[in-house]
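S.K.: Pasting a structure here, questions to come.
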Amino acid sequence: MTQVSRLAPLPHLMIEPVVRRALEEDLGLAGDITSVGAIPAGHRSVVTAVSRHDGVIAGLDCAEIACHLVDPKITVTRLVEDGALVTPGTQIATFEGPSRSLLTAERTALNFMGHLSGIATVTAELVRAVAGSGAAIACTRKTTPGLRALEKYAVRAGGGMNHRYSLADAVLIKDNHIALAGGIRPALEGVRATVGHLVKIEIEVDTLDQLAEVLEIGADAVLLDNMTPEVLRQAVAMVDGRMITEASGGITPETAASVAATGVDLISLGWITHSAPVLDIGLDFVPGV
């Protein structure tokens with residue numbers, strides 16, 4: 001099984017509260033009244049998670065934690081790991097245990113796996129599109145509230161890299177900051193006077209004239225927003241390696257290669273976390289068990 005990249009897992013202590021909240025939402029006040037009523041108490045089953053489409057897997061820890069929170073007697077056997085490339089029919093993991101418990105955990109486990117695998121899949125498509133250019137694919141803070149750590153993990157599972165996790169990680173001066181501060185210079189000078197020496201400063205520009213002003217004052221990185229490939233090439237030439245260049249705004253899998261060919265260091269896209277389609281993953285019950 002092909003792996004997109006080596007992947008450091010998230011700590012279970014970070015994942016469990018998120019999964020627990022999802023289960024509480026699904027169980028409501030009375031629990032799974034369907035499975036309790038329809039399935040005998042002692043019934044046991046084995047089910048297999050199977051991919052219905054090509055994709056990249058992420059979220060196995062979430063699925064496993066969901067099962068164990070519902071019932072510690074459920075045994076999970078992984079057949080692939082997060083970051084694995086799968087095709088239709090690929091068996092991802094098996095789950096064995098009390099049938100009621102398996103049915104109760106099913107939807108929450110699949111919701112996490114499908115959503116996170118969808119993010120990993122579109123990220124991997126973009127990484128392949130820019131392969132050989134030297135540009136990295138990055139996500140943004142446009143994430144589902146409460147799921148940021150998981151969604152950014154899924155980006156890494158697809159071979160991408162993470163932008164800021166929070167507003168406290170680094171300075172990113174956007175167009176509204178510039179407008180309210182009274183210009184590029186006061187915005188840059190203001191943050192430089194308030195943050196520590198280890199904090200990186202990035203600023204967004206929309207034009208080459210704004211970029212020229214930033215280069216005169218200095219920053220660690222510049223976000224080149226909604227620029228055409230032709231203008232991006234000019235911007236990269238102007239920067240000439242003096243700061244990190246990041247392209248953003250309206251970039252798609254179809255345009256990513258042309259953006260990467262301009263020489264930018266990063267391509268950031270919000271939609272890979274907020275609009276990635278779910279990867280269809282199903283649970284197939286193993287007959288005769």
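By convention in this document, the chains of the structure tokens carry letters A, B, ... by their order, each chain's residues are numbered from 1, and ligands are numbered from 1 in the order they are shown.
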Fewer than 2 positions away in the same chain doesn't count, so skip those; otherwise give me all residues within 12 Å of region 228-231 of chain A, counting only C-alpha atoms, as a PyMOL selection string.
M.R.: chain A and resi 205-209+211+224-226+233-238+247-251+255-264
S.K.: Next, dump the selected residues to file, keeping only N, CA, C and O atoms, as a tab-separated table (two decimals), in the first residue's frame.
M.R.:
```tsv
chain	number	residue	atom	x	y	z
A	205	VAL	N	-0.30	41.49	0.26
A	205	VAL	CA	-0.31	42.59	-0.72
A	205	VAL	C	-1.13	42.17	-1.93
A	205	VAL	O	-1.23	40.99	-2.27
A	206	ASP	N	-1.72	43.17	-2.57
A	206	ASP	CA	-2.55	42.93	-3.75
A	206	ASP	C	-1.90	43.43	-5.04
A	206	ASP	O	-2.33	43.07	-6.13
A	207	THR	N	-0.89	44.29	-4.89
A	207	THR	CA	-0.26	44.92	-6.06
A	207	THR	C	1.25	44.90	-5.92
A	207	THR	O	1.79	44.75	-4.81
A	208	LEU	N	1.91	45.12	-7.05
A	208	LEU	CA	3.37	45.19	-7.02
A	208	LEU	C	3.86	46.46	-6.33
A	208	LEU	O	4.94	46.47	-5.74
A	209	ASP	N	3.07	47.52	-6.38
A	209	ASP	CA	3.44	48.75	-5.66
A	209	ASP	C	3.44	48.50	-4.15
A	209	ASP	O	4.35	48.96	-3.44
A	211	LEU	N	3.95	45.61	-2.77
A	211	LEU	CA	5.09	44.73	-2.53
A	211	LEU	C	6.37	45.53	-2.44
A	211	LEU	O	7.22	45.28	-1.57
A	224	LEU	N	0.87	36.97	-1.52
A	224	LEU	CA	0.54	37.59	-2.80
A	224	LEU	C	-0.88	37.17	-3.15
A	224	LEU	O	-1.13	36.05	-3.58
A	225	ASP	N	-1.81	38.09	-2.95
A	225	ASP	CA	-3.22	37.73	-2.98
A	225	ASP	C	-3.86	38.01	-4.34
A	225	ASP	O	-3.79	39.12	-4.87
A	226	ASN	N	-4.51	36.96	-4.88
A	226	ASN	CA	-5.30	37.09	-6.10
A	226	ASN	C	-4.53	37.71	-7.27
A	226	ASN	O	-5.06	38.54	-8.01
A	233	ARG	N	4.98	36.09	-11.20
A	233	ARG	CA	6.37	35.97	-11.64
A	233	ARG	C	7.14	37.26	-11.37
A	233	ARG	O	8.29	37.23	-10.91
A	234	GLN	N	6.52	38.36	-11.67
A	234	GLN	CA	7.16	39.64	-11.40
A	234	GLN	C	7.40	39.84	-9.91
A	234	GLN	O	8.44	40.34	-9.49
A	235	ALA	N	6.43	39.43	-9.10
A	235	ALA	CA	6.56	39.58	-7.66
A	235	ALA	C	7.71	38.72	-7.12
A	235	ALA	O	8.51	39.18	-6.29
A	236	VAL	N	7.78	37.47	-7.58
A	236	VAL	CA	8.87	36.59	-7.13
A	236	VAL	C	10.23	37.17	-7.53
A	236	VAL	O	11.19	37.12	-6.75
A	237	ALA	N	10.31	37.73	-8.72
A	237	ALA	CA	11.56	38.35	-9.17
A	237	ALA	C	11.92	39.56	-8.30
A	237	ALA	O	13.08	39.77	-7.97
A	238	MET	N	10.92	40.35	-7.94
A	238	MET	CA	11.17	41.51	-7.08
A	238	MET	C	11.67	41.08	-5.70
A	238	MET	O	12.59	41.67	-5.15
A	247	ALA	N	1.41	32.41	-2.44
A	247	ALA	CA	0.31	32.77	-3.34
A	247	ALA	C	-1.00	32.24	-2.77
A	247	ALA	O	-1.05	31.12	-2.26
A	248	SER	N	-2.05	33.05	-2.86
A	248	SER	CA	-3.34	32.64	-2.35
A	248	SER	C	-4.44	33.35	-3.12
A	248	SER	O	-4.21	34.38	-3.75
A	249	GLY	N	-5.65	32.77	-3.06
A	249	GLY	CA	-6.80	33.42	-3.67
A	249	GLY	C	-7.26	32.77	-4.96
A	249	GLY	O	-6.61	32.93	-6.00
A	250	GLY	N	-8.35	32.02	-4.90
A	250	GLY	CA	-8.97	31.46	-6.10
A	250	GLY	C	-8.19	30.38	-6.81
A	250	GLY	O	-8.45	30.10	-7.99
A	251	ILE	N	-7.25	29.75	-6.13
A	251	ILE	CA	-6.42	28.72	-6.77
A	251	ILE	C	-7.17	27.38	-6.73
A	251	ILE	O	-7.75	27.00	-5.72
A	255	THR	N	-5.46	25.24	-11.80
A	255	THR	CA	-4.55	26.39	-11.92
A	255	THR	C	-3.31	26.28	-11.04
A	255	THR	O	-2.40	27.09	-11.17
A	256	ALA	N	-3.28	25.30	-10.15
A	256	ALA	CA	-2.18	25.22	-9.18
A	256	ALA	C	-0.83	25.07	-9.85
A	256	ALA	O	0.17	25.68	-9.41
A	257	ALA	N	-0.75	24.29	-10.91
A	257	ALA	CA	0.54	24.07	-11.57
A	257	ALA	C	1.08	25.37	-12.16
A	257	ALA	O	2.29	25.65	-12.05
A	258	SER	N	0.22	26.16	-12.78
A	258	SER	CA	0.69	27.42	-13.36
A	258	SER	C	1.11	28.40	-12.29
A	258	SER	O	2.05	29.18	-12.48
A	259	VAL	N	0.44	28.37	-11.13
A	259	VAL	CA	0.84	29.23	-10.02
A	259	VAL	C	2.19	28.78	-9.47
A	259	VAL	O	3.09	29.58	-9.21
A	260	ALA	N	2.35	27.48	-9.30
A	260	ALA	CA	3.61	26.95	-8.78
A	260	ALA	C	4.78	27.25	-9.70
A	260	ALA	O	5.91	27.50	-9.24
A	261	ALA	N	4.52	27.28	-11.01
A	261	ALA	CA	5.59	27.53	-11.98
A	261	ALA	C	6.13	28.95	-11.90
A	261	ALA	O	7.19	29.23	-12.47
A	262	THR	N	5.46	29.83	-11.19
A	262	THR	CA	5.95	31.21	-11.06
A	262	THR	C	7.12	31.32	-10.09
A	262	THR	O	7.78	32.36	-10.03
A	263	GLY	N	7.34	30.27	-9.29
A	263	GLY	CA	8.46	30.29	-8.36
A	263	GLY	C	8.08	30.60	-6.93
A	263	GLY	O	8.98	30.74	-6.08
A	264	VAL	N	6.79	30.71	-6.61
A	264	VAL	CA	6.39	30.98	-5.23
A	264	VAL	C	6.77	29.80	-4.34
A	264	VAL	O	6.86	28.66	-4.79
```
S.K.: Excluding region 272-287 of chain A and any residue of its chain fewer than 2 positions from it, enumerate the residues within 6 Å of it, using only C-alpha atoms, and give them as a list in words.
M.R.: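 Everything that qualifies: Val46, Val47, Thr48, Ala49, Val50, Ser51, Arg52, Gly114, His115, Ser117, Gly118, Ile119, Thr143, Gly270 and Val289 of chain A.
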S.K.: Produce a file of the selected residues containing all heavy atoms, as a short mmCIF file (atom, residue, chain, number, x, y, z; two decimals), in the first residue's frame.
M.R.:
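New file part-v6.cif:
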```cif
data_model
loop_
_atom_site.label_atom_id
_atom_site.label_comp_id
_atom_site.auth_asym_id
_atom_site.auth_seq_id
_atom_site.Cartn_x
_atom_site.Cartn_y
_atom_site.Cartn_z
N VAL A 46 -18.40 -8.86 12.83
CA VAL A 46 -17.17 -8.28 12.29
C VAL A 46 -17.56 -7.42 11.10
O VAL A 46 -18.32 -7.88 10.22
CB VAL A 46 -16.16 -9.36 11.85
CG1 VAL A 46 -14.93 -8.71 11.23
CG2 VAL A 46 -15.76 -10.24 13.02
N VAL A 47 -17.07 -6.19 11.06
CA VAL A 47 -17.34 -5.30 9.93
C VAL A 47 -16.02 -4.78 9.38
O VAL A 47 -15.03 -4.68 10.12
CB VAL A 47 -18.26 -4.12 10.30
CG1 VAL A 47 -19.63 -4.62 10.71
CG2 VAL A 47 -17.65 -3.29 11.42
N THR A 48 -16.02 -4.45 8.11
CA THR A 48 -14.82 -3.94 7.46
C THR A 48 -15.11 -2.59 6.85
O THR A 48 -16.10 -2.41 6.14
CB THR A 48 -14.35 -4.90 6.34
OG1 THR A 48 -14.13 -6.20 6.90
CG2 THR A 48 -13.05 -4.41 5.72
N ALA A 49 -14.25 -1.61 7.14
CA ALA A 49 -14.34 -0.30 6.49
C ALA A 49 -13.69 -0.41 5.12
O ALA A 49 -12.54 -0.85 5.00
CB ALA A 49 -13.65 0.77 7.32
N VAL A 50 -14.44 -0.02 4.08
CA VAL A 50 -13.99 -0.19 2.70
C VAL A 50 -14.12 1.14 1.96
O VAL A 50 -15.15 1.82 2.05
CB VAL A 50 -14.83 -1.27 1.98
CG1 VAL A 50 -14.39 -1.42 0.53
CG2 VAL A 50 -14.72 -2.60 2.71
N SER A 51 -13.09 1.50 1.21
CA SER A 51 -13.16 2.71 0.39
C SER A 51 -13.99 2.45 -0.85
O SER A 51 -13.85 1.41 -1.50
CB SER A 51 -11.75 3.15 -0.02
OG SER A 51 -11.81 4.24 -0.91
N ARG A 52 -14.87 3.39 -1.19
CA ARG A 52 -15.68 3.28 -2.41
C ARG A 52 -15.06 4.03 -3.58
O ARG A 52 -15.51 3.88 -4.71
CB ARG A 52 -17.08 3.85 -2.16
CG ARG A 52 -17.79 3.31 -0.92
CD ARG A 52 -18.08 1.84 -1.02
NE ARG A 52 -19.03 1.43 0.02
CZ ARG A 52 -19.04 0.24 0.59
NH1 ARG A 52 -18.13 -0.68 0.23
NH2 ARG A 52 -19.92 -0.06 1.53
N GLY A 114 -14.56 9.84 6.72
CA GLY A 114 -14.92 10.37 5.40
C GLY A 114 -14.51 11.82 5.24
O GLY A 114 -13.96 12.21 4.20
N HIS A 115 -14.78 12.64 6.26
CA HIS A 115 -14.45 14.07 6.18
C HIS A 115 -12.93 14.28 6.11
O HIS A 115 -12.43 15.00 5.24
CB HIS A 115 -15.03 14.78 7.39
CG HIS A 115 -14.69 16.24 7.47
ND1 HIS A 115 -14.93 17.13 6.46
CD2 HIS A 115 -14.09 16.96 8.46
CE1 HIS A 115 -14.51 18.35 6.81
NE2 HIS A 115 -13.99 18.26 8.02
N SER A 117 -10.54 12.09 5.39
CA SER A 117 -9.97 11.47 4.19
C SER A 117 -10.24 12.32 2.96
O SER A 117 -9.42 12.38 2.03
CB SER A 117 -10.52 10.06 3.99
OG SER A 117 -10.16 9.20 5.05
N GLY A 118 -11.39 12.99 2.92
CA GLY A 118 -11.68 13.90 1.81
C GLY A 118 -10.69 15.05 1.76
O GLY A 118 -10.20 15.42 0.68
N ILE A 119 -10.37 15.61 2.91
CA ILE A 119 -9.36 16.69 2.97
C ILE A 119 -8.00 16.17 2.53
O ILE A 119 -7.29 16.81 1.74
CB ILE A 119 -9.29 17.26 4.39
CG1 ILE A 119 -10.58 18.02 4.72
CG2 ILE A 119 -8.07 18.18 4.55
CD1 ILE A 119 -10.70 18.46 6.17
N THR A 143 -11.29 26.65 8.79
CA THR A 143 -11.56 25.28 9.22
C THR A 143 -12.91 25.23 9.94
O THR A 143 -13.47 26.25 10.34
CB THR A 143 -10.46 24.79 10.18
OG1 THR A 143 -10.32 25.74 11.25
CG2 THR A 143 -9.12 24.67 9.46
N GLY A 270 -7.90 27.87 1.22
CA GLY A 270 -8.85 27.65 2.29
C GLY A 270 -9.82 26.53 2.01
O GLY A 270 -10.28 25.82 2.92
N VAL A 289 -20.22 -14.51 10.62
CA VAL A 289 -19.38 -14.34 11.82
C VAL A 289 -20.28 -14.19 13.04
O VAL A 289 -21.24 -13.45 13.02
CB VAL A 289 -18.48 -13.09 11.66
CG1 VAL A 289 -17.68 -12.88 12.94
CG2 VAL A 289 -17.55 -13.28 10.48
#
```
S.K.: Going by DSSP on the backbone, which bits of region 117-267 of chain A are alpha helix (DSSP H)? Write them as number ranges by chain, please.
M.R.: A: 117-129, 148-157, 175-181, 184-192, 208-217, 229-239, 256-260
S.K.: Got a sec: who's within 12 Å of region 78-86 of chain A, counting only C-alpha atoms, leaving out chain neighbours fewer than 3 positions off, as a tab-separated table (two decimals) with N, CA and C atoms, in the first residue's frame?
M.R.:
```
chain	number	residue	atom	x	y	z
A	1	MET	N	0.85	-1.19	0.00
A	1	MET	CA	0.00	0.00	0.00
A	1	MET	C	0.89	1.24	0.00
A	2	THR	N	0.67	2.13	-0.93
A	2	THR	CA	1.48	3.35	-1.06
A	2	THR	C	1.12	4.34	0.04
A	3	GLN	N	2.13	5.00	0.57
A	3	GLN	CA	1.95	6.01	1.61
A	3	GLN	C	2.32	7.37	1.03
A	4	VAL	N	1.49	8.39	1.30
A	4	VAL	CA	1.80	9.74	0.81
A	4	VAL	C	3.01	10.30	1.54
A	5	SER	N	3.05	10.19	2.85
A	5	SER	CA	4.15	10.76	3.62
A	5	SER	C	4.18	10.14	5.00
A	6	ARG	N	5.32	10.26	5.68
A	6	ARG	CA	5.39	9.88	7.08
A	6	ARG	C	4.59	10.91	7.88
A	7	LEU	N	3.88	10.43	8.88
A	7	LEU	CA	2.90	11.28	9.53
A	7	LEU	C	2.96	11.10	11.03
A	8	ALA	N	3.19	12.19	11.76
A	8	ALA	CA	3.16	12.14	13.22
A	8	ALA	C	1.71	12.18	13.68
A	9	PRO	N	1.28	11.23	14.48
A	9	PRO	CA	-0.12	11.21	14.91
A	9	PRO	C	-0.42	12.32	15.91
A	10	LEU	N	-1.69	12.70	15.98
A	10	LEU	CA	-2.13	13.62	17.02
A	10	LEU	C	-2.26	12.87	18.33
A	48	THR	N	-16.02	-4.45	8.11
A	48	THR	CA	-14.82	-3.94	7.46
A	48	THR	C	-15.11	-2.59	6.85
A	49	ALA	N	-14.25	-1.61	7.14
A	49	ALA	CA	-14.34	-0.30	6.49
A	49	ALA	C	-13.69	-0.41	5.12
A	50	VAL	N	-14.44	-0.02	4.08
A	50	VAL	CA	-13.99	-0.19	2.70
A	50	VAL	C	-14.12	1.14	1.96
A	51	SER	N	-13.09	1.50	1.21
A	51	SER	CA	-13.16	2.71	0.39
A	51	SER	C	-13.99	2.45	-0.85
A	52	ARG	N	-14.87	3.39	-1.19
A	52	ARG	CA	-15.68	3.28	-2.41
A	52	ARG	C	-15.06	4.03	-3.58
A	53	HIS	N	-14.02	4.84	-3.31
A	53	HIS	CA	-13.39	5.66	-4.36
A	53	HIS	C	-11.89	5.73	-4.14
A	54	ASP	N	-11.16	6.24	-5.14
A	54	ASP	CA	-9.75	6.54	-4.97
A	54	ASP	C	-9.60	7.65	-3.94
A	55	GLY	N	-8.56	7.57	-3.11
A	55	GLY	CA	-8.36	8.64	-2.14
A	55	GLY	C	-7.19	8.40	-1.23
A	56	VAL	N	-7.07	9.24	-0.22
A	56	VAL	CA	-6.03	9.15	0.79
A	56	VAL	C	-6.73	9.09	2.15
A	57	ILE	N	-6.31	8.15	2.98
A	57	ILE	CA	-7.00	7.91	4.24
A	57	ILE	C	-6.47	8.81	5.34
A	58	ALA	N	-7.40	9.33	6.15
A	58	ALA	CA	-7.09	10.04	7.39
A	58	ALA	C	-8.24	9.84	8.34
A	59	GLY	N	-7.96	9.88	9.63
A	59	GLY	CA	-9.01	9.79	10.63
A	59	GLY	C	-9.19	8.43	11.28
A	60	LEU	N	-8.24	7.53	11.09
A	60	LEU	CA	-8.37	6.21	11.70
A	60	LEU	C	-8.36	6.29	13.22
A	61	ASP	N	-7.57	7.18	13.78
A	61	ASP	CA	-7.58	7.34	15.24
A	61	ASP	C	-8.96	7.75	15.73
A	62	CYS	N	-9.61	8.66	15.01
A	62	CYS	CA	-10.95	9.10	15.40
A	62	CYS	C	-11.93	7.93	15.39
A	63	ALA	N	-11.86	7.12	14.35
A	63	ALA	CA	-12.76	5.97	14.24
A	63	ALA	C	-12.51	4.98	15.38
A	64	GLU	N	-11.25	4.74	15.67
A	64	GLU	CA	-10.91	3.78	16.72
A	64	GLU	C	-11.36	4.30	18.09
A	75	THR	N	-12.81	-4.53	19.05
A	75	THR	CA	-11.41	-4.66	18.62
A	75	THR	C	-11.26	-4.07	17.23
A	89	GLY	N	-12.72	-0.41	-3.18
A	89	GLY	CA	-12.65	-1.77	-2.68
A	89	GLY	C	-11.53	-2.03	-1.70
A	90	THR	N	-10.64	-1.05	-1.48
A	90	THR	CA	-9.57	-1.23	-0.51
A	90	THR	C	-10.14	-1.38	0.90
A	91	GLN	N	-9.74	-2.44	1.60
A	91	GLN	CA	-10.15	-2.63	2.98
A	91	GLN	C	-9.23	-1.80	3.88
A	92	ILE	N	-9.85	-0.97	4.71
A	92	ILE	CA	-9.11	-0.01	5.51
A	92	ILE	C	-8.87	-0.51	6.93
A	93	ALA	N	-9.89	-1.09	7.53
A	93	ALA	CA	-9.78	-1.60	8.91
A	93	ALA	C	-10.95	-2.55	9.17
A	94	THR	N	-10.76	-3.45	10.14
A	94	THR	CA	-11.85	-4.30	10.59
A	94	THR	C	-12.21	-3.94	12.03
A	95	PHE	N	-13.50	-4.10	12.34
A	95	PHE	CA	-14.02	-3.81	13.67
A	95	PHE	C	-14.81	-5.02	14.14
A	96	GLU	N	-14.45	-5.56	15.28
A	96	GLU	CA	-15.09	-6.77	15.79
A	96	GLU	C	-15.58	-6.53	17.20
A	113	MET	N	-13.86	9.70	9.47
A	113	MET	CA	-12.99	9.14	8.43
A	113	MET	C	-13.29	9.73	7.06
A	116	LEU	N	-12.21	13.65	7.01
A	116	LEU	CA	-10.76	13.86	7.06
A	116	LEU	C	-10.06	13.23	5.85
A	117	SER	N	-10.54	12.09	5.39
A	117	SER	CA	-9.97	11.47	4.19
A	117	SER	C	-10.24	12.32	2.96
A	118	GLY	N	-11.39	12.99	2.92
A	118	GLY	CA	-11.68	13.90	1.81
A	118	GLY	C	-10.69	15.05	1.76
A	119	ILE	N	-10.37	15.61	2.91
A	119	ILE	CA	-9.36	16.69	2.97
A	119	ILE	C	-8.00	16.17	2.53
A	120	ALA	N	-7.62	15.00	3.04
A	120	ALA	CA	-6.33	14.41	2.65
A	120	ALA	C	-6.27	14.14	1.15
A	121	THR	N	-7.40	13.72	0.58
A	121	THR	CA	-7.44	13.37	-0.84
A	121	THR	C	-7.24	14.59	-1.73
A	122	VAL	N	-7.97	15.69	-1.46
A	122	VAL	CA	-7.81	16.87	-2.31
A	122	VAL	C	-6.43	17.50	-2.11
A	123	THR	N	-5.90	17.41	-0.89
A	123	THR	CA	-4.55	17.92	-0.65
A	123	THR	C	-3.54	17.15	-1.49
A	124	ALA	N	-3.67	15.83	-1.52
A	124	ALA	CA	-2.75	15.01	-2.30
A	124	ALA	C	-2.85	15.31	-3.79
A	125	GLU	N	-4.06	15.59	-4.27
A	125	GLU	CA	-4.23	15.96	-5.68
A	125	GLU	C	-3.47	17.25	-6.00
A	153	TYR	N	-4.37	18.15	10.52
A	153	TYR	CA	-3.70	16.85	10.47
A	153	TYR	C	-4.00	16.14	9.15
A	154	ALA	N	-5.25	16.22	8.70
A	154	ALA	CA	-5.63	15.58	7.43
A	154	ALA	C	-4.87	16.19	6.26
A	155	VAL	N	-4.63	17.49	6.31
A	155	VAL	CA	-3.81	18.13	5.27
A	155	VAL	C	-2.41	17.51	5.25
A	156	ARG	N	-1.84	17.31	6.41
A	156	ARG	CA	-0.51	16.68	6.47
A	156	ARG	C	-0.57	15.24	5.96
A	157	ALA	N	-1.68	14.54	6.24
A	157	ALA	CA	-1.82	13.17	5.74
A	157	ALA	C	-1.80	13.14	4.22
A	158	GLY	N	-2.28	14.22	3.59
A	158	GLY	CA	-2.27	14.30	2.13
A	158	GLY	C	-0.99	14.85	1.56
A	159	GLY	N	0.00	15.12	2.39
A	159	GLY	CA	1.29	15.61	1.91
A	159	GLY	C	1.43	17.11	1.91
A	160	GLY	N	0.43	17.83	2.45
A	160	GLY	CA	0.51	19.28	2.54
A	160	GLY	C	1.15	19.73	3.83
A	279	LEU	N	-14.73	11.65	1.32
A	279	LEU	CA	-14.38	10.39	0.66
A	279	LEU	C	-15.36	9.32	1.13
A	280	ASP	N	-16.01	8.67	0.18
A	280	ASP	CA	-17.03	7.68	0.51
A	280	ASP	C	-16.37	6.41	1.06
A	281	ILE	N	-16.63	6.16	2.33
A	281	ILE	CA	-16.15	4.96	2.99
A	281	ILE	C	-17.35	4.27	3.62
```
S.K.: Quick one: DSSP strand (DSSP E or B) residues in region 64-278 of chain A, as JSON, numbers by chain?
M.R.: {"A": [75, 76, 77, 78, 84, 85, 86, 91, 92, 93, 94, 95, 96, 97, 98, 136, 137, 138, 161, 171, 172, 173, 201, 202, 203, 204, 205, 221, 222, 223, 224, 225, 244, 245, 246, 247, 248, 266, 267, 268]}
S.K.: So, with only C-alpha atoms as the atoms that count, which of A:Glu246, A:Met227, A:Leu27, A:Thr108 lies closest to Ile137 (chain A)?
M.R.: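 Residue with the minimum atom-to-atom distance to Ile137 (chain A): A:Glu246.
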S.K.: My list of candidates is A:Gly28, A:Pro17, A:Gly241, A:Gly146. Which is closest to Ile65 (chain A) when distances are computed with only C-alpha atoms?
M.R.: A:Pro17
